[in-house]
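Novice: This one is model-v3.csv, CSV, C-alpha atoms.
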chain,number,residue,atom,x,y,z
D,1,LEU,CA,242.8,67.4,126.2
D,2,ILE,CA,242.1,63.7,126.6
D,3,GLY,CA,243.4,61.8,123.6
D,4,THR,CA,244.7,65.0,121.9
D,5,ILE,CA,248.3,63.9,122.4
D,6,GLY,CA,247.4,60.3,121.6
D,7,PRO,CA,249.7,60.2,118.6
D,8,LEU,CA,252.6,60.9,120.9
D,9,VAL,CA,251.6,58.1,123.3
D,10,LYS,CA,251.1,55.8,120.4
D,11,ALA,CA,254.4,56.6,118.7
D,12,ALA,CA,256.4,56.4,122.0
D,13,LYS,CA,254.8,53.0,122.7
D,14,HIS,CA,255.4,51.5,119.3
D,15,THR,CA,258.6,52.9,117.9
D,16,LYS,CA,260.7,52.4,121.1
D,17,GLN,CA,261.6,56.1,120.7
D,18,TRP,CA,260.0,56.9,124.0
D,19,LEU,CA,263.1,58.4,125.7
D,20,PRO,CA,263.8,61.3,123.4
D,21,LEU,CA,260.1,62.1,123.1
D,22,LEU,CA,259.6,62.0,126.9
D,23,ALA,CA,262.7,64.1,127.3
D,24,LEU,CA,261.4,66.8,124.9
D,25,TYR,CA,258.0,66.7,126.5
D,26,THR,CA,259.6,67.1,129.9
D,27,LEU,CA,261.7,70.0,128.7
D,28,GLY,CA,258.7,71.8,127.3
D,29,SER,CA,256.4,71.2,130.2
D,30,SER,CA,259.0,72.0,132.9
D,31,LEU,CA,260.2,75.1,131.1
D,32,ALA,CA,256.7,76.5,130.6
D,33,ALA,CA,255.6,75.7,134.2
D,34,MET,CA,258.8,77.3,135.7
D,35,LEU,CA,258.2,80.4,133.5
D,36,VAL,CA,254.7,80.8,134.7
D,37,GLY,CA,255.8,80.3,138.3
D,38,ALA,CA,258.6,82.8,138.0
D,39,ILE,CA,256.3,85.4,136.3
D,40,VAL,CA,253.6,85.0,139.0
D,41,GLY,CA,256.2,85.2,141.7
D,42,LEU,CA,257.7,88.3,140.2
D,43,LEU,CA,254.2,90.0,139.9
D,44,GLY,CA,253.6,89.0,143.6
D,45,SER,CA,257.0,90.5,144.6
D,46,ALA,CA,256.0,93.8,142.9
D,47,VAL,CA,252.6,94.0,144.5
D,48,MET,CA,252.5,92.1,147.8
D,49,LYS,CA,253.7,93.7,151.1
D,50,SER,CA,254.9,91.3,153.9
D,51,GLN,CA,252.2,92.6,156.3
D,52,TRP,CA,249.5,91.6,153.8
D,53,ARG,CA,250.7,88.0,153.7
D,54,SER,CA,248.6,86.6,156.5
D,55,PRO,CA,245.2,88.0,155.6
D,56,ALA,CA,245.9,87.3,151.9
D,57,LEU,CA,246.6,83.6,152.7
D,58,LEU,CA,243.4,83.5,154.7
D,59,GLY,CA,241.6,85.0,151.7
D,60,VAL,CA,243.0,82.5,149.3
D,61,ALA,CA,242.1,79.6,151.6
D,62,ILE,CA,238.5,80.8,151.7
D,63,ILE,CA,238.5,81.2,147.9
D,64,GLY,CA,240.0,77.6,147.8
D,65,ILE,CA,237.0,76.3,149.7
D,66,VAL,CA,234.6,77.9,147.1
D,67,PHE,CA,236.7,76.4,144.3
D,68,ALA,CA,236.7,73.0,146.0
D,69,LEU,CA,232.9,73.1,146.2
D,70,SER,CA,232.9,74.0,142.5
D,71,ASP,CA,234.9,70.8,141.8
D,72,PHE,CA,232.1,68.9,143.6
D,73,GLU,CA,229.7,70.8,141.3
D,74,ILE,CA,227.5,71.9,144.2
D,75,VAL,CA,224.7,74.3,143.5
D,76,GLY,CA,225.4,74.4,139.8
D,77,MET,CA,229.0,75.6,140.2
D,78,HIS,CA,231.7,74.3,137.8
D,79,THR,CA,235.5,74.1,137.8
D,80,LEU,CA,237.0,77.3,136.5
D,81,THR,CA,238.6,76.4,133.2
D,82,PHE,CA,239.1,77.4,129.6
D,83,ARG,CA,237.6,74.9,127.1
D,84,ARG,CA,240.6,74.9,124.8
D,85,GLN,CA,242.5,71.8,124.1
D,86,THR,CA,246.1,71.6,122.8
D,87,CYS,CA,246.4,71.6,119.0
D,88,PRO,CA,246.3,68.0,117.6
D,89,VAL,CA,247.5,69.1,114.1
D,90,TRP,CA,251.0,70.1,115.4
D,91,TRP,CA,252.0,66.5,115.1
D,92,ARG,CA,251.3,66.6,111.3
D,93,ASP,CA,252.5,70.2,110.8
D,94,PHE,CA,255.7,70.3,112.7
D,95,GLY,CA,256.7,66.6,113.0
D,96,PRO,CA,257.0,64.4,116.1
D,97,LEU,CA,259.9,66.1,117.9
D,98,LEU,CA,258.8,69.7,117.7
D,99,ALA,CA,255.1,68.8,118.3
D,100,THR,CA,256.1,66.9,121.4
D,101,ALA,CA,258.0,69.9,122.8
D,102,LEU,CA,255.2,72.2,121.9
D,103,TRP,CA,252.6,70.0,123.5
D,104,GLY,CA,254.7,69.9,126.6
D,105,PHE,CA,255.1,73.6,126.7
D,106,ASP,CA,251.3,74.2,126.0
D,107,LEU,CA,250.2,71.8,128.8
D,108,GLY,CA,253.0,73.1,131.1
D,109,LEU,CA,251.5,76.6,130.9
D,110,GLY,CA,248.6,75.1,132.9
D,111,PHE,CA,246.1,77.8,132.3
D,112,SER,CA,245.8,77.5,128.5
D,113,THR,CA,244.0,74.2,128.4
D,114,ILE,CA,241.1,72.4,130.1
D,115,ARG,CA,241.6,72.0,133.9
D,116,VAL,CA,240.3,68.9,135.5
D,117,ALA,CA,240.1,70.6,139.0
D,118,SER,CA,240.8,73.9,140.7
D,119,LEU,CA,244.0,73.0,142.6
D,120,TYR,CA,246.2,74.7,140.0
D,121,TRP,CA,244.4,78.1,140.4
D,122,ILE,CA,245.0,78.1,144.2
D,123,VAL,CA,248.7,77.1,143.6
D,124,LEU,CA,249.0,80.3,141.4
D,125,LEU,CA,247.4,82.5,144.0
D,126,VAL,CA,249.7,81.1,146.7
D,127,ILE,CA,252.8,81.7,144.5
D,128,PHE,CA,251.6,85.3,144.1
D,129,ILE,CA,251.4,85.7,147.9
D,130,LEU,CA,254.8,84.0,148.5
D,131,ALA,CA,256.1,86.7,146.1
D,132,SER,CA,259.3,85.1,145.0
D,133,PRO,CA,260.1,84.2,141.4
D,134,VAL,CA,262.6,81.4,142.5
D,135,ARG,CA,260.0,79.8,144.8
D,136,GLY,CA,257.3,80.2,142.1
D,137,ALA,CA,259.5,78.5,139.5
D,138,ALA,CA,260.5,75.7,142.0
D,139,ILE,CA,256.9,75.0,143.0
D,140,LEU,CA,255.6,74.8,139.4
D,141,ALA,CA,258.6,72.8,138.2
D,142,GLY,CA,256.9,70.0,140.2
D,143,TYR,CA,253.8,70.5,138.1
D,144,GLY,CA,255.7,70.3,134.9
D,145,LEU,CA,257.5,67.1,136.1
D,146,ALA,CA,254.3,65.6,137.2
D,147,LEU,CA,252.9,66.1,133.7
D,148,SER,CA,255.8,64.1,132.3
D,149,LEU,CA,255.2,61.4,134.9
D,150,ASN,CA,251.6,61.3,133.7
D,151,LEU,CA,252.9,60.8,130.1
D,152,GLY,CA,255.4,58.3,131.2
D,153,ILE,CA,252.7,56.2,132.8
D,154,GLY,CA,250.7,56.5,129.6
D,155,ILE,CA,253.7,55.2,127.6
D,156,ILE,CA,254.9,52.4,129.8
D,157,GLY,CA,251.4,51.6,131.2
D,158,PRO,CA,249.7,48.3,130.5
D,159,GLY,CA,248.1,49.7,127.3
D,160,ARG,CA,244.7,48.5,128.0
D,161,PHE,CA,243.1,51.0,125.7
D,162,LYS,CA,243.3,49.8,122.2
D,163,ASP,CA,241.7,52.8,120.5
D,164,THR,CA,240.8,56.5,121.2
D,165,HIS,CA,237.2,55.7,121.9
D,166,SER,CA,237.9,53.3,124.8
D,167,ALA,CA,240.4,55.8,126.2
D,168,HIS,CA,237.8,58.5,126.0
D,169,MET,CA,235.3,56.3,127.8
D,170,GLN,CA,237.8,55.4,130.5
D,171,ALA,CA,238.7,59.1,130.9
D,172,LEU,CA,235.1,60.1,131.3
D,173,LEU,CA,234.6,57.4,133.9
D,174,LEU,CA,237.7,58.6,135.8
D,175,LEU,CA,236.9,62.3,135.6
D,176,ARG,CA,234.2,62.5,138.3
D,177,PRO,CA,236.0,60.6,141.1
D,178,LEU,CA,239.2,62.4,140.2
D,179,LYS,CA,237.5,65.8,140.6
D,180,VAL,CA,236.0,64.8,143.9
D,181,MET,CA,239.4,63.5,145.1
D,182,LEU,CA,241.2,66.7,144.1
D,183,GLY,CA,238.4,68.9,145.6
D,184,SER,CA,238.7,67.0,148.9
D,185,VAL,CA,242.5,67.5,148.9
D,186,LEU,CA,241.9,71.2,148.3
D,187,LEU,CA,239.3,71.4,151.0
D,188,PHE,CA,241.7,69.7,153.5
D,189,TRP,CA,244.5,72.1,152.5
D,190,CYS,CA,242.4,75.2,152.9
D,191,SER,CA,241.1,74.0,156.3
D,192,MET,CA,244.7,73.4,157.4
D,193,ILE,CA,245.8,76.8,156.3
D,194,ILE,CA,242.9,78.6,157.9
D,195,SER,CA,243.5,76.7,161.2
D,196,LEU,CA,247.2,77.5,161.2
D,197,THR,CA,246.7,81.1,160.3
D,198,ILE,CA,244.0,81.8,162.9
D,199,PHE,CA,245.3,79.7,165.9
D,200,PHE,CA,249.0,79.3,165.6
D,201,TRP,CA,250.7,81.9,163.4
D,202,ARG,CA,252.3,84.4,165.8
G,203,MET,CA,249.9,80.0,173.6
G,204,PRO,CA,252.2,77.0,174.1
G,205,LEU,CA,252.4,76.1,170.3
G,206,ALA,CA,253.1,79.0,168.0
G,207,ILE,CA,254.3,79.1,164.4
G,208,LYS,CA,256.8,81.8,163.4
G,209,GLY,CA,256.4,83.7,160.1
G,210,GLU,CA,259.3,81.9,158.3
G,211,GLN,CA,258.1,78.4,159.5
G,212,MET,CA,254.6,79.2,158.2
G,213,GLU,CA,256.0,80.3,154.8
G,214,TYR,CA,257.9,77.0,154.7
G,215,ILE,CA,254.8,75.0,155.5
G,216,VAL,CA,252.8,76.9,152.9
G,217,ALA,CA,255.5,76.6,150.2
G,218,VAL,CA,256.1,72.8,150.7
G,219,SER,CA,252.4,72.0,150.9
G,220,VAL,CA,251.5,74.0,147.8
G,221,ALA,CA,254.4,72.3,145.9
G,222,LEU,CA,252.7,69.0,146.8
G,223,LEU,CA,249.4,70.4,145.5
G,224,ALA,CA,251.1,71.5,142.3
G,225,PHE,CA,252.6,68.0,141.8
G,226,LEU,CA,249.2,66.4,142.4
G,227,ALA,CA,247.5,68.8,140.0
G,228,GLY,CA,250.0,67.7,137.3
G,229,VAL,CA,249.7,64.0,138.0
G,230,ALA,CA,245.9,64.2,137.9
G,231,GLN,CA,245.7,66.2,134.7
G,232,ILE,CA,244.5,63.4,132.3
G,233,SER,CA,246.4,64.0,129.1
G,234,SER,CA,248.0,60.7,128.1
G,235,LEU,CA,245.3,58.2,128.7
Would you mind writing the file's structure down as structure tokens?
Specialist:
Amino acid sequence: LIGTIGPLVKAAKHTKQWLPLLALYTLGSSLAAMLVGAIVGLLGSAVMKSQWRSPALLGVAIIGIVFALSDFEIVGMHTLTFRRQTCPVWWRDFGPLLATALWGFDLGLGFSTIRVASLYWIVLLVIFILASPVRGAAILAGYGLALSLNLGIGIIGPGRFKDTHSAHMQALLLLRPLKVMLGSVLLFWCSMIISLTIFFWR
Amino acid sequence: MPLAIKGEQMEYIVAVSVALLAFLAGVAQISSL
């Protein structure tokens, strides 16, 4: 994933065409994320019964703890992820505009490319439990918009990284603390949900 | 129990907190470095 959409960041930085590119990327990522959220919510509404919600939430929180530990890479566990990256040749094959929208869509799907940490999987499970396509779409719209924010920072950021190699090195250095930080957030969230479910939900 | 959370309040807490998790997952996904 890292550096795969480098041509987009570079083009947006240097051609001053960042606004249409960012808009297309946002459109792609938000659309895909909302689609996934709506489908998962729809599946949940077909399967979940309201009386299952409390035990299911407790179950997801427990799974979340295991996933958080896998982000910490404890006892040989690893973050659940596909190893696929988005396709770098789309830029050459389809041109900047379509490639940007396609990259946005591909990354917005969330499950189709490498995941840095497990948060996303827990979000999907919770959307399934909440069992509402509208809520699912709204929740994952935030994910799609955050991907755009990520790209925006890449475009208007200080541009410290002069080439792909230094960007890769920086990303590798960031990866471990990022995983630990996201795993800790997940652990905190799971503890909060377990406490609320057991002690206060009446 | 003096403090109790009703079903709809719990759903609201879960939905808002998980939306924050989703946003964080997106921001932290290194793709444009």
Novice: For a test of reading the model, state the distance in Å between CA of Glu73 in chain D and CA of Leu124 in chain D, rounded to one decimal.
Specialist: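 Spanning CA of Glu73 in chain D to CA of Leu124 in chain D is a straight-line distance of 21.5 Å.
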Novice: Could you give me, as a Markdown table, a per-residue list for range 27-129 of chain D showing, wherever an atom lies at most 10 Å from an atom of range 215-221 of chain G, the closest pair of atoms and their distance in Å to one decimal, using all atoms listed in the file and sorting by chain then residue number from low to high?
Specialist:
| residue | atom | partner | partner_atom | distance |
| --- | --- | --- | --- | --- |
| D:Leu57 | CA | G:Val216 | CA | 9.1 |
| D:Leu119 | CA | G:Val220 | CA | 9.2 |
| D:Tyr120 | CA | G:Val220 | CA | 9.5 |
| D:Ile122 | CA | G:Val220 | CA | 8.5 |
| D:Val123 | CA | G:Val220 | CA | 5.9 |
| D:Leu124 | CA | G:Val220 | CA | 9.3 |
| D:Val126 | CA | G:Val220 | CA | 7.4 |
| D:Ile127 | CA | G:Ala217 | CA | 8.1 |
Novice: Interatomic distance between CA of Leu178 in chain D and CA of Asn150 in chain D?
Specialist: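 We find that CA of Leu178 in chain D and CA of Asn150 in chain D lie 14.0 Å from each other.
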Novice: Which polymer residues, protein or nucleic acid, are no farther than 12 Å from (244.3, 73.6, 151.6), counting only C-alpha atoms, as JSON, numbers by chain?
Specialist: {"D": [57, 58, 59, 60, 61, 62, 63, 64, 65, 66, 67, 68, 118, 119, 120, 122, 123, 126, 182, 183, 184, 185, 186, 187, 188, 189, 190, 191, 192, 193, 194, 195, 196, 197], "G": [215, 216, 217, 218, 219, 220, 221, 222, 223, 224]}
Novice: Separation of CA of Leu19 in chain D and CA of Gly136 in chain D, in Å?
Specialist: 27.9 Å
Novice: Is there a way to complete range 211-222 of chain G with all heavy atoms and then write that out as an mmCIF file, in the coordinates of the input?
Specialist:
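Saved to part_28.cif:
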data_model
loop_
_atom_site.group_PDB
_atom_site.id
_atom_site.type_symbol
_atom_site.label_atom_id
_atom_site.label_comp_id
_atom_site.auth_asym_id
_atom_site.auth_seq_id
_atom_site.Cartn_x
_atom_site.Cartn_y
_atom_site.Cartn_z
ATOM 1 N N GLN G 211 258.511 79.849 159.495
ATOM 2 C CA GLN G 211 258.100 78.400 159.500
ATOM 3 C C GLN G 211 256.758 78.286 158.768
ATOM 4 O O GLN G 211 256.566 77.320 158.040
ATOM 5 C CB GLN G 211 257.837 78.015 161.001
ATOM 6 C CG GLN G 211 259.110 77.856 161.788
ATOM 7 C CD GLN G 211 258.841 77.610 163.262
ATOM 8 O OE1 GLN G 211 257.936 78.197 163.847
ATOM 9 N NE2 GLN G 211 259.635 76.742 163.857
ATOM 10 N N MET G 212 255.876 79.283 158.926
ATOM 11 C CA MET G 212 254.600 79.200 158.200
ATOM 12 C C MET G 212 254.820 79.301 156.714
ATOM 13 O O MET G 212 254.195 78.565 155.951
ATOM 14 C CB MET G 212 253.721 80.422 158.677
ATOM 15 C CG MET G 212 252.330 80.429 158.090
ATOM 16 S SD MET G 212 251.346 79.026 158.641
ATOM 17 C CE MET G 212 249.833 79.317 157.737
ATOM 18 N N GLU G 213 255.738 80.154 156.277
ATOM 19 C CA GLU G 213 256.000 80.300 154.800
ATOM 20 C C GLU G 213 256.572 78.949 154.306
ATOM 21 O O GLU G 213 256.256 78.538 153.190
ATOM 22 C CB GLU G 213 257.066 81.371 154.612
ATOM 23 C CG GLU G 213 256.439 82.741 154.594
ATOM 24 C CD GLU G 213 257.392 83.808 154.105
ATOM 25 O OE1 GLU G 213 258.339 83.478 153.398
ATOM 26 O OE2 GLU G 213 257.168 84.963 154.456
ATOM 27 N N TYR G 214 257.397 78.285 155.104
ATOM 28 C CA TYR G 214 257.900 77.000 154.700
ATOM 29 C C TYR G 214 256.827 75.957 154.561
ATOM 30 O O TYR G 214 256.756 75.235 153.566
ATOM 31 C CB TYR G 214 258.978 76.538 155.749
ATOM 32 C CG TYR G 214 259.632 75.226 155.430
ATOM 33 C CD1 TYR G 214 260.640 75.149 154.458
ATOM 34 C CD2 TYR G 214 259.250 74.051 156.072
ATOM 35 C CE1 TYR G 214 261.234 73.936 154.160
ATOM 36 C CE2 TYR G 214 259.839 72.843 155.774
ATOM 37 C CZ TYR G 214 260.826 72.789 154.824
ATOM 38 O OH TYR G 214 261.410 71.587 154.511
ATOM 39 N N ILE G 215 255.936 75.916 155.553
ATOM 40 C CA ILE G 215 254.800 75.000 155.500
ATOM 41 C C ILE G 215 253.953 75.235 154.263
ATOM 42 O O ILE G 215 253.586 74.316 153.537
ATOM 43 C CB ILE G 215 253.939 75.095 156.788
ATOM 44 C CG1 ILE G 215 254.709 74.605 158.014
ATOM 45 C CG2 ILE G 215 252.635 74.317 156.642
ATOM 46 C CD1 ILE G 215 254.045 74.942 159.341
ATOM 47 N N VAL G 216 253.657 76.518 154.019
ATOM 48 C CA VAL G 216 252.800 76.900 152.900
ATOM 49 C C VAL G 216 253.509 76.504 151.560
ATOM 50 O O VAL G 216 252.911 75.890 150.671
ATOM 51 C CB VAL G 216 252.484 78.399 152.891
ATOM 52 C CG1 VAL G 216 251.802 78.820 151.609
ATOM 53 C CG2 VAL G 216 251.592 78.729 154.072
ATOM 54 N N ALA G 217 254.807 76.830 151.447
ATOM 55 C CA ALA G 217 255.500 76.600 150.200
ATOM 56 C C ALA G 217 255.609 75.061 149.908
ATOM 57 O O ALA G 217 255.353 74.627 148.775
ATOM 58 C CB ALA G 217 256.932 77.165 150.270
ATOM 59 N N VAL G 218 255.934 74.266 150.927
ATOM 60 C CA VAL G 218 256.100 72.800 150.700
ATOM 61 C C VAL G 218 254.714 72.191 150.398
ATOM 62 O O VAL G 218 254.584 71.385 149.470
ATOM 63 C CB VAL G 218 256.716 72.141 151.950
ATOM 64 C CG1 VAL G 218 256.656 70.625 151.828
ATOM 65 C CG2 VAL G 218 258.160 72.589 152.093
ATOM 66 N N SER G 219 253.695 72.597 151.165
ATOM 67 C CA SER G 219 252.400 72.000 150.900
ATOM 68 C C SER G 219 251.814 72.368 149.571
ATOM 69 O O SER G 219 251.193 71.549 148.891
ATOM 70 C CB SER G 219 251.404 72.347 152.066
ATOM 71 O OG SER G 219 251.165 73.734 152.071
ATOM 72 N N VAL G 220 252.072 73.602 149.142
ATOM 73 C CA VAL G 220 251.500 74.000 147.800
ATOM 74 C C VAL G 220 252.327 73.377 146.697
ATOM 75 O O VAL G 220 251.777 73.118 145.626
ATOM 76 C CB VAL G 220 251.474 75.567 147.752
ATOM 77 C CG1 VAL G 220 252.703 76.180 147.138
ATOM 78 C CG2 VAL G 220 250.245 75.988 146.963
ATOM 79 N N ALA G 221 253.606 73.074 146.944
ATOM 80 C CA ALA G 221 254.400 72.300 145.900
ATOM 81 C C ALA G 221 253.794 70.935 145.752
ATOM 82 O O ALA G 221 253.719 70.420 144.629
ATOM 83 C CB ALA G 221 255.849 72.249 146.355
ATOM 84 N N LEU G 222 253.369 70.339 146.858
ATOM 85 C CA LEU G 222 252.700 69.000 146.800
ATOM 86 C C LEU G 222 251.398 69.119 146.011
ATOM 87 O O LEU G 222 251.069 68.248 145.204
ATOM 88 C CB LEU G 222 252.484 68.446 148.181
ATOM 89 C CG LEU G 222 253.740 67.994 148.927
ATOM 90 C CD1 LEU G 222 253.394 67.601 150.358
ATOM 91 C CD2 LEU G 222 254.397 66.807 148.222
#
